[in-house]
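The next block is entry.cif, given as mmCIF, C-alpha atoms.
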data_upload
loop_
_atom_site.label_atom_id
_atom_site.label_comp_id
_atom_site.auth_asym_id
_atom_site.auth_seq_id
_atom_site.Cartn_x
_atom_site.Cartn_y
_atom_site.Cartn_z
CA MET A 14 4.00 11.60 -23.47
CA SER A 15 2.09 8.68 -21.98
CA GLU A 16 3.93 6.03 -20.02
CA SER A 17 3.46 2.35 -19.30
CA LYS A 18 3.94 0.90 -15.84
CA ILE A 19 3.81 -2.60 -14.41
CA ILE A 20 2.39 -3.07 -10.90
CA ASP A 21 3.40 -6.32 -9.26
CA ALA A 22 0.63 -7.19 -6.81
CA CYS A 23 1.24 -10.94 -6.87
CA ASN A 24 0.97 -12.74 -3.54
CA THR A 25 -0.39 -9.86 -1.54
CA PHE A 26 -3.43 -9.76 0.73
CA CYS A 27 -3.16 -6.25 2.07
CA PRO A 28 -3.50 -3.72 0.57
CA GLY A 29 -4.43 -6.11 -2.27
CA PRO A 30 -4.33 -5.84 -6.07
CA LEU A 31 -7.24 -3.46 -6.70
CA MET A 32 -6.12 -1.09 -3.92
CA GLU A 33 -2.62 -1.15 -5.46
CA LEU A 34 -4.07 -0.30 -8.87
CA ILE A 35 -6.06 2.62 -7.41
CA THR A 36 -2.89 3.91 -5.72
CA TYR A 37 -0.90 3.87 -8.95
CA MET A 38 -3.83 5.21 -10.97
CA LYS A 39 -3.83 8.31 -8.76
CA GLN A 40 -0.13 8.84 -9.52
CA ALA A 41 -0.50 8.26 -13.27
CA ASN A 42 -1.19 10.84 -15.96
CA VAL A 43 -4.14 10.74 -18.35
CA GLY A 44 -3.22 8.38 -21.20
CA ASP A 45 -0.82 6.27 -19.14
CA THR A 46 -1.15 2.49 -19.30
CA LEU A 47 -0.96 0.38 -16.17
CA GLU A 48 -0.46 -3.38 -16.19
CA LEU A 49 -1.51 -5.06 -12.96
CA LEU A 50 -0.02 -8.46 -12.14
CA SER A 51 -2.03 -10.52 -9.67
CA THR A 52 -2.24 -14.11 -8.45
CA ASP A 53 -5.69 -13.47 -6.98
CA ASN A 54 -8.38 -14.83 -9.31
CA GLY A 55 -10.89 -12.30 -7.97
CA THR A 56 -8.84 -9.53 -9.57
CA ALA A 57 -10.02 -10.60 -13.02
CA SER A 58 -13.56 -9.46 -12.20
CA ASP A 59 -12.79 -6.81 -9.54
CA VAL A 60 -10.70 -4.61 -11.82
CA PRO A 61 -13.15 -4.42 -14.78
CA GLU A 62 -15.99 -3.67 -12.34
CA TRP A 63 -14.11 -0.67 -10.92
CA ILE A 64 -12.70 0.50 -14.26
CA ASN A 65 -16.17 0.49 -15.83
CA LYS A 66 -17.75 2.28 -12.89
CA VAL A 67 -15.08 4.97 -12.55
CA GLY A 68 -14.75 5.46 -16.32
CA HIS A 69 -11.21 4.44 -17.20
CA GLU A 70 -10.45 2.01 -20.05
CA MET A 71 -9.91 -1.74 -19.94
CA ILE A 72 -7.31 -2.77 -22.53
CA SER A 73 -6.83 -6.48 -21.90
CA SER A 74 -7.01 -9.22 -19.31
CA GLU A 75 -5.30 -12.58 -19.59
CA LYS A 76 -3.94 -15.29 -17.33
CA VAL A 77 -0.39 -16.44 -18.04
CA GLY A 78 0.44 -19.42 -15.88
CA GLU A 79 -0.74 -18.46 -12.39
CA VAL A 80 -0.56 -14.72 -12.96
CA TRP A 81 -3.29 -12.40 -14.24
CA HIS A 82 -2.04 -9.59 -16.49
CA ILE A 83 -4.63 -6.83 -16.57
CA LYS A 84 -3.95 -3.74 -18.66
CA VAL A 85 -5.89 -0.52 -18.19
CA ARG A 86 -5.57 3.06 -19.37
CA LYS A 87 -6.21 6.21 -17.36
CA THR A 88 -8.70 8.34 -19.26
CA LYS A 89 -9.53 11.22 -16.93
CA MET B 19 31.29 -0.43 8.83
CA ARG B 20 29.37 2.88 9.02
CA ILE B 21 25.64 2.22 9.30
CA LEU B 22 23.39 5.23 8.87
CA VAL B 23 19.70 5.04 9.81
CA VAL B 24 17.56 7.85 8.45
CA GLY B 25 14.30 8.08 10.38
CA GLY B 26 13.55 7.58 14.07
CA GLY B 27 10.07 6.09 13.86
CA CYS B 28 8.99 2.56 14.69
CA GLY B 29 11.01 0.77 11.98
CA GLY B 30 14.20 2.81 12.27
CA THR B 31 14.26 2.58 16.06
CA ILE B 32 13.63 -1.17 16.25
CA LEU B 33 16.27 -1.75 13.59
CA ALA B 34 18.88 0.46 15.25
CA ASN B 35 18.36 -1.11 18.69
CA ASN B 36 18.44 -4.68 17.36
CA LEU B 37 21.56 -3.90 15.40
CA ALA B 38 23.26 -2.13 18.31
CA ARG B 39 22.92 -5.23 20.47
CA ARG B 40 24.01 -7.63 17.74
CA LEU B 41 27.04 -5.48 16.96
CA ALA B 42 27.90 -4.43 20.52
CA GLY B 43 31.33 -6.06 20.31
CA GLU B 44 32.11 -4.59 16.90
CA ILE B 45 30.99 -1.12 18.03
CA ARG B 46 33.21 -1.37 21.15
CA ALA B 47 36.11 -2.43 18.93
CA ARG B 48 35.34 0.50 16.58
CA LYS B 49 34.71 -1.88 13.70
CA ALA B 50 31.13 -0.68 13.37
CA ARG B 51 29.25 2.52 14.06
CA ILE B 52 25.52 3.21 14.06
CA THR B 53 24.22 6.72 13.51
CA MET B 54 20.56 7.74 13.48
CA LEU B 55 19.26 10.97 11.95
CA SER B 56 15.71 11.99 12.81
CA ALA B 57 13.46 14.98 12.25
CA SER B 58 12.31 14.98 15.88
CA ASP B 59 13.61 14.41 19.39
CA GLN B 60 10.25 12.83 20.22
CA HIS B 61 8.89 9.39 19.32
CA MET B 62 5.15 9.01 18.87
CA TYR B 63 3.12 5.81 19.37
CA GLN B 64 0.90 6.46 16.36
CA PRO B 65 -1.77 3.75 16.96
CA GLY B 66 -2.64 5.62 20.17
CA LEU B 67 -4.17 8.43 18.10
CA LEU B 68 -7.32 6.36 17.59
CA TYR B 69 -7.81 6.30 21.37
CA VAL B 70 -7.14 10.04 21.64
CA ALA B 71 -9.96 10.61 19.15
CA PHE B 72 -12.35 8.89 21.56
CA GLY B 73 -11.00 10.47 24.76
CA GLN B 74 -9.50 7.17 25.91
CA MET B 75 -5.87 8.33 25.88
CA MET B 76 -4.36 11.75 26.41
CA PRO B 77 -1.90 13.03 23.78
CA ASP B 78 1.03 13.17 26.20
CA GLU B 79 0.73 9.39 26.71
CA LEU B 80 1.80 8.90 23.09
CA TYR B 81 5.31 10.35 23.38
CA ARG B 82 8.73 9.42 24.72
CA ASP B 83 12.08 11.13 24.22
CA GLN B 84 13.64 9.40 21.25
CA ALA B 85 17.09 9.37 22.86
CA SER B 86 15.69 7.46 25.86
CA LEU B 87 14.56 4.63 23.56
CA LEU B 88 17.93 4.07 21.92
CA GLU B 89 20.80 1.84 23.00
CA SER B 90 23.63 3.97 24.36
CA ASN B 91 26.01 2.91 21.57
CA ILE B 92 23.82 4.54 18.89
CA GLU B 93 24.85 8.04 17.86
CA PHE B 94 21.65 10.09 17.59
CA HIS B 95 21.16 13.48 15.93
CA VAL B 96 18.02 15.52 15.44
CA ASP B 97 19.04 16.73 12.03
CA PRO B 98 16.84 15.52 9.19
CA VAL B 99 18.31 14.59 5.82
CA GLU B 100 17.72 17.05 3.00
CA GLU B 101 19.74 15.46 0.24
CA PHE B 102 20.54 11.83 -0.53
CA GLN B 103 23.78 11.68 -2.52
CA LEU B 104 23.59 7.96 -3.23
CA ASP B 105 26.39 7.82 -5.79
CA GLN B 106 28.77 9.24 -3.17
CA ASP B 107 27.36 7.05 -0.34
CA GLN B 108 26.49 10.11 1.71
CA VAL B 109 23.65 12.35 2.81
CA ARG B 110 23.47 16.05 3.57
CA THR B 111 21.37 17.17 6.52
CA GLU B 112 19.36 20.28 7.29
CA SER B 113 22.30 21.69 9.29
CA GLY B 114 24.57 21.16 6.29
CA LYS B 115 26.50 18.26 7.76
CA ILE B 116 27.59 15.40 5.50
CA HIS B 117 27.22 11.84 6.81
CA GLN B 118 28.98 9.10 4.88
CA TYR B 119 27.91 5.48 5.13
CA ASP B 120 28.72 1.98 4.07
CA VAL B 121 25.13 0.84 4.68
CA LEU B 122 22.14 3.18 4.61
CA VAL B 123 18.69 2.42 6.02
CA ILE B 124 15.86 4.71 4.92
CA ALA B 125 12.86 4.64 7.26
CA THR B 126 11.34 8.09 6.89
CA GLY B 127 7.69 6.98 7.01
CA SER B 128 4.65 8.59 5.45
CA ARG B 129 2.42 11.63 5.85
CA ILE B 130 -1.21 12.43 5.35
CA VAL B 131 -2.17 14.53 2.33
CA PRO B 132 -5.85 15.40 2.80
CA GLU B 133 -5.20 18.49 0.65
CA GLU B 134 -5.13 16.18 -2.39
CA VAL B 135 -8.92 15.89 -2.07
CA PRO B 136 -10.64 19.27 -2.39
CA GLY B 137 -12.59 20.09 0.76
CA LEU B 138 -11.33 17.13 2.80
CA THR B 139 -9.10 19.20 5.13
CA GLU B 140 -11.86 21.66 6.00
CA GLY B 141 -14.80 19.27 5.82
CA ALA B 142 -13.69 16.10 7.56
CA GLU B 143 -12.47 15.03 10.96
CA THR B 144 -9.61 12.58 11.20
CA PHE B 145 -7.22 11.18 13.79
CA TYR B 146 -3.90 10.72 12.02
CA THR B 147 -2.16 13.59 13.85
CA GLU B 148 -2.31 14.69 17.48
CA GLU B 149 -4.02 17.95 16.59
CA SER B 150 -6.64 16.30 14.36
CA ALA B 151 -7.35 13.51 16.87
CA VAL B 152 -8.08 16.03 19.63
CA LYS B 153 -10.23 18.05 17.22
CA MET B 154 -12.12 14.90 16.21
CA PHE B 155 -12.81 14.04 19.84
CA LYS B 156 -14.28 17.49 20.43
CA ALA B 157 -16.42 17.20 17.29
CA LEU B 158 -17.72 13.80 18.41
CA ARG B 159 -18.50 15.16 21.83
CA GLU B 160 -20.54 18.01 20.38
CA PHE B 161 -22.34 15.78 17.87
CA GLN B 162 -25.93 15.24 18.94
CA GLY B 163 -27.04 13.06 16.04
CA GLY B 164 -27.56 13.07 12.29
CA LYS B 165 -25.83 11.60 9.26
CA LEU B 166 -22.27 10.43 9.86
CA ALA B 167 -20.16 9.37 6.87
CA ILE B 168 -16.82 7.57 6.93
CA VAL B 169 -14.63 7.87 3.82
CA VAL B 170 -11.29 6.31 2.98
CA GLY B 171 -8.44 7.79 0.91
CA VAL B 172 -5.90 5.73 -1.05
CA PRO B 173 -3.26 4.75 -0.13
CA HIS B 174 -3.56 4.92 3.63
CA LYS B 175 -1.59 3.86 6.66
CA CYS B 176 -3.10 1.15 8.87
CA PRO B 177 -5.58 -0.62 6.57
CA ILE B 178 -7.54 -1.84 9.57
CA ALA B 179 -8.26 1.74 10.73
CA PRO B 180 -11.45 2.26 8.65
CA VAL B 181 -13.08 -0.75 10.27
CA GLU B 182 -11.78 0.04 13.76
CA VAL B 183 -12.95 3.64 13.74
CA THR B 184 -16.39 2.56 12.54
CA PHE B 185 -16.82 0.05 15.39
CA SER B 186 -15.47 2.60 17.86
CA LEU B 187 -17.89 5.27 16.63
CA HIS B 188 -20.78 2.84 17.11
CA ASP B 189 -19.71 2.08 20.68
CA TYR B 190 -19.00 5.73 21.46
CA PHE B 191 -22.49 6.90 20.47
CA LYS B 192 -24.06 3.87 22.13
CA THR B 193 -22.33 4.76 25.40
CA ARG B 194 -23.56 8.33 25.08
CA GLY B 195 -27.10 7.01 24.56
CA ILE B 196 -27.56 8.64 21.15
CA ARG B 197 -26.72 5.76 18.78
CA ASP B 198 -30.34 5.68 17.57
CA LYS B 199 -29.98 9.32 16.51
CA VAL B 200 -26.84 8.65 14.40
CA LYS B 201 -27.17 7.25 10.89
CA MET B 202 -23.75 5.79 10.05
CA LYS B 203 -22.57 5.14 6.49
CA TYR B 204 -19.19 3.61 5.63
CA HIS B 205 -17.59 4.11 2.22
CA TYR B 206 -14.73 2.01 0.87
CA PRO B 207 -12.59 2.32 -2.30
CA ILE B 208 -12.82 -1.26 -3.61
CA ASN B 209 -15.75 -3.58 -4.22
CA ARG B 210 -15.99 -5.13 -0.76
CA ILE B 211 -15.92 -3.49 2.66
CA HIS B 212 -12.32 -4.35 3.43
CA THR B 213 -9.36 -5.13 1.21
CA ILE B 214 -8.55 -8.35 3.11
CA GLU B 215 -11.23 -10.79 2.03
CA ASN B 216 -11.53 -12.53 5.40
CA VAL B 217 -11.79 -9.18 7.20
CA ALA B 218 -14.53 -8.16 4.75
CA LYS B 219 -16.39 -11.44 5.34
CA TRP B 220 -16.26 -10.91 9.09
CA THR B 221 -17.05 -7.19 9.02
CA LYS B 222 -20.11 -7.27 6.74
CA PRO B 223 -22.44 -9.16 9.11
CA GLU B 224 -21.07 -7.12 12.02
CA PHE B 225 -21.96 -3.87 10.22
CA ASP B 226 -25.41 -5.32 9.43
CA ARG B 227 -25.87 -6.23 13.09
CA ILE B 228 -24.96 -2.79 14.43
CA GLY B 229 -26.78 -0.89 11.71
CA VAL B 230 -23.93 0.58 9.66
CA GLU B 231 -24.78 1.16 5.99
CA TYR B 232 -21.99 0.74 3.45
CA GLU B 233 -21.15 1.77 -0.08
CA THR B 234 -18.25 0.17 -1.93
CA LEU B 235 -16.30 1.42 -4.96
CA PHE B 236 -16.32 4.89 -3.43
CA ASN B 237 -13.08 6.82 -3.95
CA VAL B 238 -13.31 10.29 -2.49
CA LYS B 239 -13.15 12.94 -5.22
CA GLU B 240 -14.19 16.07 -3.34
CA VAL B 241 -16.06 17.38 -0.33
CA ASP B 242 -18.63 20.11 -0.82
CA VAL B 243 -18.17 21.65 2.60
CA LYS B 244 -20.88 24.29 2.20
CA ASN B 245 -23.61 21.79 1.30
CA LYS B 246 -22.12 18.95 3.36
CA VAL B 247 -21.91 16.45 0.52
CA VAL B 248 -19.01 14.07 -0.19
CA LYS B 249 -18.60 13.00 -3.82
CA SER B 250 -16.85 9.97 -5.31
CA GLU B 251 -14.72 9.46 -8.42
CA GLU B 252 -17.33 6.88 -9.38
CA GLY B 253 -20.08 9.49 -9.62
CA THR B 254 -22.01 8.92 -6.41
CA GLU B 255 -22.47 11.27 -3.46
CA THR B 256 -23.46 11.15 0.19
CA GLU B 257 -24.86 13.87 2.41
CA TYR B 258 -23.41 14.15 5.91
CA ASP B 259 -23.63 16.11 9.09
CA LEU B 260 -20.31 14.78 10.37
CA LEU B 261 -17.63 13.43 8.04
CA ILE B 262 -14.81 11.18 9.30
CA SER B 263 -11.92 10.50 6.93
CA ILE B 264 -9.03 8.14 6.63
CA PRO B 265 -6.93 10.60 4.61
CA PRO B 266 -4.79 9.61 1.64
CA HIS B 267 -1.06 9.30 2.32
CA ARG B 268 2.22 9.91 0.52
CA GLY B 269 5.78 9.13 1.45
CA MET B 270 7.84 11.95 2.95
CA GLU B 271 8.64 15.02 0.86
CA VAL B 272 12.39 14.43 1.12
CA ILE B 273 11.97 11.14 -0.75
CA GLU B 274 10.03 12.82 -3.56
CA LYS B 275 12.35 15.83 -3.74
CA ASN B 276 15.35 13.51 -4.09
CA LYS B 277 13.47 11.50 -6.76
CA LEU B 278 13.91 8.25 -4.85
CA GLY B 279 10.39 7.05 -5.59
CA GLN B 280 7.10 8.17 -7.07
CA GLY B 281 4.63 9.30 -4.41
CA GLY B 282 7.46 9.17 -1.87
CA TRP B 283 7.51 5.35 -1.91
CA ILE B 284 10.92 3.85 -2.68
CA PRO B 285 11.03 0.84 -5.04
CA THR B 286 12.14 -1.99 -2.76
CA ASP B 287 12.96 -5.68 -3.16
CA ARG B 288 10.12 -7.51 -1.41
CA HIS B 289 12.36 -10.16 0.21
CA GLN B 290 15.76 -8.49 0.70
CA LEU B 291 14.25 -5.06 1.51
CA THR B 292 17.02 -3.38 -0.43
CA MET B 293 16.33 -0.35 -2.59
CA GLU B 294 16.07 -1.48 -6.20
CA GLY B 295 19.49 -1.14 -7.84
CA ARG B 296 21.30 -0.34 -4.56
CA ASP B 297 22.62 -3.32 -2.57
CA ASN B 298 23.89 -1.20 0.34
CA ILE B 299 20.60 0.64 0.92
CA TYR B 300 17.71 -0.86 2.88
CA VAL B 301 14.19 0.53 3.03
CA LEU B 302 11.77 -0.03 5.89
CA GLY B 303 8.13 0.38 6.79
CA ASP B 304 5.87 2.93 5.15
CA THR B 305 8.74 4.21 3.00
CA THR B 306 8.76 1.12 0.74
CA ASN B 307 6.58 0.66 -2.31
CA LEU B 308 5.93 -2.95 -1.25
CA PRO B 309 2.44 -4.39 -1.58
CA VAL B 310 2.20 -4.87 2.19
CA SER B 311 0.29 -2.93 4.83
CA LYS B 312 1.67 0.42 5.88
CA THR B 313 1.71 -0.33 9.60
CA GLY B 314 4.10 -0.32 12.52
CA SER B 315 3.77 -4.09 12.52
CA ALA B 316 5.18 -4.47 9.00
CA ALA B 317 7.95 -2.01 9.87
CA HIS B 318 8.71 -4.04 13.00
CA PHE B 319 9.05 -7.39 11.23
CA GLU B 320 11.00 -5.83 8.37
CA ALA B 321 13.35 -4.15 10.86
CA GLU B 322 14.14 -7.49 12.50
CA VAL B 323 15.07 -9.00 9.14
CA VAL B 324 17.21 -6.05 8.11
CA ALA B 325 18.96 -5.95 11.50
CA ASP B 326 19.82 -9.63 11.22
CA ASN B 327 21.10 -9.11 7.68
CA ILE B 328 23.24 -6.03 8.33
CA ALA B 329 24.69 -7.73 11.42
CA SER B 330 25.48 -10.88 9.45
CA ILE B 331 27.03 -8.83 6.66
CA VAL B 332 29.34 -7.29 9.26
CA LYS B 333 30.12 -10.67 10.85
CA ILE B 334 30.25 -13.12 7.91
CA GLY B 335 29.94 -10.94 4.83
CA ALA B 336 26.47 -12.08 3.71
CA PRO B 337 22.78 -11.58 4.57
CA VAL B 338 21.03 -14.52 6.23
CA ARG B 339 17.29 -13.84 6.11
CA GLU B 340 14.49 -12.84 3.79
CA TYR B 341 11.32 -10.93 4.65
CA ASP B 342 8.24 -13.10 4.07
CA GLY B 343 5.69 -10.29 4.16
CA LYS B 344 4.71 -10.93 7.78
CA VAL B 345 2.20 -8.53 9.32
CA TYR B 346 0.26 -8.83 12.58
CA CYS B 347 -2.55 -6.35 13.18
CA PHE B 348 -4.81 -6.00 16.17
CA ILE B 349 -8.38 -5.19 15.16
CA GLU B 350 -10.42 -3.30 17.74
CA ALA B 351 -14.06 -4.35 17.22
CA GLY B 352 -15.37 -1.55 19.42
CA HIS B 353 -14.41 -0.39 22.88
CA ASP B 354 -14.37 -3.78 24.62
CA ARG B 355 -13.67 -6.50 22.03
CA ALA B 356 -10.85 -7.15 19.57
CA THR B 357 -9.40 -9.75 17.24
CA TYR B 358 -6.31 -9.84 15.04
CA ALA B 359 -5.11 -10.53 11.51
CA MET B 360 -1.79 -12.23 10.89
CA PHE B 361 -0.62 -12.90 7.35
CA ASN B 362 2.32 -12.89 4.99
CA TYR B 363 2.90 -12.99 1.23
CA GLN B 364 1.64 -16.56 0.97
CA ASN B 365 -0.93 -17.04 3.71
CA PRO B 366 -4.08 -14.96 4.17
CA PRO B 367 -5.29 -14.11 7.69
CA ASP B 368 -7.71 -16.48 9.38
CA LEU B 369 -9.87 -14.26 11.55
CA LYS B 370 -11.13 -15.40 14.96
CA SER B 371 -14.22 -14.03 16.69
CA PRO B 372 -13.50 -10.85 18.64
CA ASN B 373 -13.28 -11.22 22.40
CA LYS B 374 -12.55 -9.16 25.49
CA SER B 375 -9.18 -10.73 26.25
CA MET B 376 -7.81 -9.71 22.85
CA HIS B 377 -8.98 -6.17 23.54
CA TRP B 378 -7.16 -6.14 26.88
CA PHE B 379 -4.07 -7.56 25.17
CA LYS B 380 -4.20 -4.59 22.78
CA MET B 381 -4.61 -2.20 25.71
CA ALA B 382 -1.56 -3.81 27.31
CA TYR B 383 0.36 -3.59 24.03
CA ASN B 384 -0.31 0.16 23.98
CA LYS B 385 2.07 0.26 26.97
CA MET B 386 4.30 -2.62 25.87
CA TYR B 387 5.09 -0.76 22.64
CA TRP B 388 7.85 1.07 24.46
CA THR B 389 9.50 -2.29 25.11
CA SER B 390 8.86 -3.38 21.56
CA VAL B 391 10.41 -0.29 20.00
CA ARG B 392 13.52 -0.81 22.11
CA GLY B 393 13.78 -4.10 20.21
CA LEU B 394 13.20 -6.22 23.30
CA LEU B 395 9.77 -7.69 22.49
#
I need this file expressed as structure tokens, please.
Amino acid sequence: MSESKIIDACNTFCPGPLMELITYMKQANVGDTLELLSTDNGTASDVPEWINKVGHEMISSEKVGEVWHIKVRKTK
Amino acid sequence: MRILVVGGGCGGTILANNLARRLAGEIRARKARITMLSASDQHMYQPGLLYVAFGQMMPDELYRDQASLLESNIEFHVDPVEEFQLDQDQVRTESGKIHQYDVLVIATGSRIVPEEVPGLTEGAETFYTEESAVKMFKALREFQGGKLAIVVGVPHKCPIAPVEVTFSLHDYFKTRGIRDKVKMKYHYPINRIHTIENVAKWTKPEFDRIGVEYETLFNVKEVDVKNKVVKSEEGTETEYDLLISIPPHRGMEVIEKNKLGQGGWIPTDRHQLTMEGRDNIYVLGDTTNLPVSKTGSAAHFEAEVVADNIASIVKIGAPVREYDGKVYCFIEAGHDRATYAMFNYQNPPDLKSPNKSMHWFKMAYNKMYWTSVRGLL
């Protein structure tokens, strides 16, 4: 059964939001959904670039207040 | 108040020593007791491994007897914890002994897991253990030139290490007079050459200047040892003659076996440093799941906060400080220059140009660490 997990990477410079997402992606199972929270505006373009290159699935990306909510699904 | 510290690394030792001094009166009056449980009677200065890999430090320089680093009012046992019985406020050790506590500090650290990447253990050199650092030095010494690739696993301890080892490799081969025979290529998991934006901005022109190629969005998938090719999750591959890796890490097995946190990282409150859902349990250093660097520096600053808070809980019944995410990292920019990155949750690092004096400060800190870990610096 697939799971959903929230990764709070707000206000962090190291290891940073995308590195956090990669860490949790490695731990996740195929089909799991991860929602990355980030206050770094660069995350909004960094995450889709990696997801598209590595072959996972972008679900959504939206900014609520100061926080980006980026949802992805592990596909392989 | 029974305070139990599990783990005798950088964070656990600094915490225990700070606490022992703050609570000296209470310990004398038998109102408080500090016990440390560790897996080893030795304490290793882990940042020294990078120097071992380049023949600049000998392995025996990295160790001290753990007992010699601790305040005399700390009860120390080499008897690692096997079972955390959190609902009973107790742990069971390898020897079968039960230790009860009022406050528990978990600082068990992390471990490398190169075996998670097929071929990485056999195919790559690294420097995250004494044995591997010595082996890497010998491999470097025998290397006469060719394609050298540097790859980085996720997550990893010491985020500055990929950059530092690359600069050090450049200087090492330059000193040997064979730099022109070595084609260096650096690979990094995200879409710039370091996760800290200001470090990436500084490093890129430096790599261009010293002739280091780089590929970003490269997460190591497997190493084809026979054909000497390293492949990425993103579908690219690089041929190598010598492969250097920053291996992926996990938290310690005991954390995973006790189901305290996925990957061995314990869910931790980023300001209070308490384990989520457990007010009398603190988590330090690499063991946390916090979005901060896994470094001795983070463990050090966290330990100071937790020591202040446990001491104030004993004295006035409430914690007094919050951790602000502070980290200070030296950055060796080769064998004779260095800079540093200091940051917290709110403020990014502002990098200065590397210079010789910062390098000598780092060399001095390699010795001063033993003062630092006693909680005196």
Problem - d(atom CA of B:Ala50, atom CA of B:Leu88) in Å - result: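 Separation between atom CA of B:Ala50 and atom CA of B:Leu88: 16.4 Å.
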Return as a compact mmCIF listing (two decimals) with C-alpha atoms, in the frame of the given file the set of residues that the PyMOL selection byres ((chain B) within 6 of (chain A)) yields on the displayed structure.
# COMPACT_ATOMS: atom_id res chain seq x y z
CA VAL B 172 -5.90 5.73 -1.05
CA PRO B 173 -3.26 4.75 -0.13
CA ILE B 214 -8.55 -8.35 3.11
CA GLU B 252 -17.33 6.88 -9.38
CA VAL B 310 2.20 -4.87 2.19
CA SER B 311 0.29 -2.93 4.83
CA TYR B 363 2.90 -12.99 1.23
CA GLN B 364 1.64 -16.56 0.97
Practice task
Rank B:Leu235, B:Leu158, B:Ile168, B:Leu187 by their smallest atom-to-atom distance to A:Pro61, using only C-alpha atoms, and report the top residue only.
Solution key: B:Leu235
Practice task
Counting only C-alpha atoms, figure out which residue out of A:Thr88, A:Asp45, A:Ser74, A:Ser15 gets nearest to A:Ala57.
Solution key: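 Smallest distance to A:Ala57 is found for A:Ser74.
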Exercise for the section: Determine the residue membership of the PyMOL selection byres ((chain B and resi 296-303) around 8) for the file above and supply it as a PyMOL selection string. Expected result: chain B and resi 29-30+120-125+127+284+286+291-295+304-306+312-314+316-318+320-321+324
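Between atom CA of B:Met381 and atom CA of B:Gly352 the separation is 12.5 Å.
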Practice task
In the coordinate frame of the file, compute which residues have an atom within 10 Å of (15.0, -5.0, 14.8) when using only C-alpha atoms, and state them as number ranges by chain.
Solution key: B: 28-40, 317-326, 390-395
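For stretch 79-81 of chain A, the residues within 8 Å (counting only C-alpha atoms, excluding itself and residues fewer than 3 positions away along the chain) are A:Cys23, A:Leu49, A:Leu50, A:Ser51, A:Thr52, A:Asp53, A:Asn54, A:Thr56, A:Ala57, A:Ser74, A:Glu75, A:Lys76.
Between atom CA of B:Asn365 and atom CA of B:Gly279 lies a distance of 28.2 Å.
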Exercise for the section: Could you expand the PyMOL selection byres ((chain A and resi 17) around 10) into the explicit residues it covers here, written as a ChimeraX atom specification? Expected result: /A:15-16,18-19,41,44-48,84-86
Edge lengths and centre in Å to one decimal, as lines of an AutoDock Vina configuration file, is what I'm after for the box along x, y and z that holds all listed atoms of stretch 38-52 of chain B once 3 Å is added on each side.
center_x = 29.5
center_y = -2.2
center_z = 17.3
size_x = 19.2
size_y = 16.8
size_z = 13.8
Problem - Nearest-residue call for B:Pro366, choices B:Gly343, B:Pro266, B:Pro136, B:Gly281, using only C-alpha atoms - result: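 Of B:Gly343, B:Pro266, B:Pro136, B:Gly281, the one nearest B:Pro366, counting only C-alpha atoms, is B:Gly343.
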Problem - Within 12 Å of stretch 237-239 of chain B using all atoms listed in the file, minus same-chain residues under 6 positions, as an MDAnalysis selection string - result: (chainID A and resid 32 35:36 38:39 63 66:67) or (chainID B and resid 132:138 142 167:173 204:209 247:256 261:266)
If you keep C-alpha atoms, can you produce a file of those selected residues as a compact mmCIF listing (two decimals), in the coordinates of the input?
# COMPACT_ATOMS: atom_id res chain seq x y z
CA MET A 32 -6.12 -1.09 -3.92
CA ILE A 35 -6.06 2.62 -7.41
CA THR A 36 -2.89 3.91 -5.72
CA MET A 38 -3.83 5.21 -10.97
CA LYS A 39 -3.83 8.31 -8.76
CA TRP A 63 -14.11 -0.67 -10.92
CA LYS A 66 -17.75 2.28 -12.89
CA VAL A 67 -15.08 4.97 -12.55
CA PRO B 132 -5.85 15.40 2.80
CA GLU B 133 -5.20 18.49 0.65
CA GLU B 134 -5.13 16.18 -2.39
CA VAL B 135 -8.92 15.89 -2.07
CA PRO B 136 -10.64 19.27 -2.39
CA GLY B 137 -12.59 20.09 0.76
CA LEU B 138 -11.33 17.13 2.80
CA ALA B 142 -13.69 16.10 7.56
CA ALA B 167 -20.16 9.37 6.87
CA ILE B 168 -16.82 7.57 6.93
CA VAL B 169 -14.63 7.87 3.82
CA VAL B 170 -11.29 6.31 2.98
CA GLY B 171 -8.44 7.79 0.91
CA VAL B 172 -5.90 5.73 -1.05
CA PRO B 173 -3.26 4.75 -0.13
CA TYR B 204 -19.19 3.61 5.63
CA HIS B 205 -17.59 4.11 2.22
CA TYR B 206 -14.73 2.01 0.87
CA PRO B 207 -12.59 2.32 -2.30
CA ILE B 208 -12.82 -1.26 -3.61
CA ASN B 209 -15.75 -3.58 -4.22
CA VAL B 247 -21.91 16.45 0.52
CA VAL B 248 -19.01 14.07 -0.19
CA LYS B 249 -18.60 13.00 -3.82
CA SER B 250 -16.85 9.97 -5.31
CA GLU B 251 -14.72 9.46 -8.42
CA GLU B 252 -17.33 6.88 -9.38
CA GLY B 253 -20.08 9.49 -9.62
CA THR B 254 -22.01 8.92 -6.41
CA GLU B 255 -22.47 11.27 -3.46
CA THR B 256 -23.46 11.15 0.19
CA LEU B 261 -17.63 13.43 8.04
CA ILE B 262 -14.81 11.18 9.30
CA SER B 263 -11.92 10.50 6.93
CA ILE B 264 -9.03 8.14 6.63
CA PRO B 265 -6.93 10.60 4.61
CA PRO B 266 -4.79 9.61 1.64
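The nearest approach to B:Ser150 among the residues B:Arg48, B:His267, B:Leu67, B:Ile178, with only C-alpha atoms taken into account, belongs to B:Leu67.
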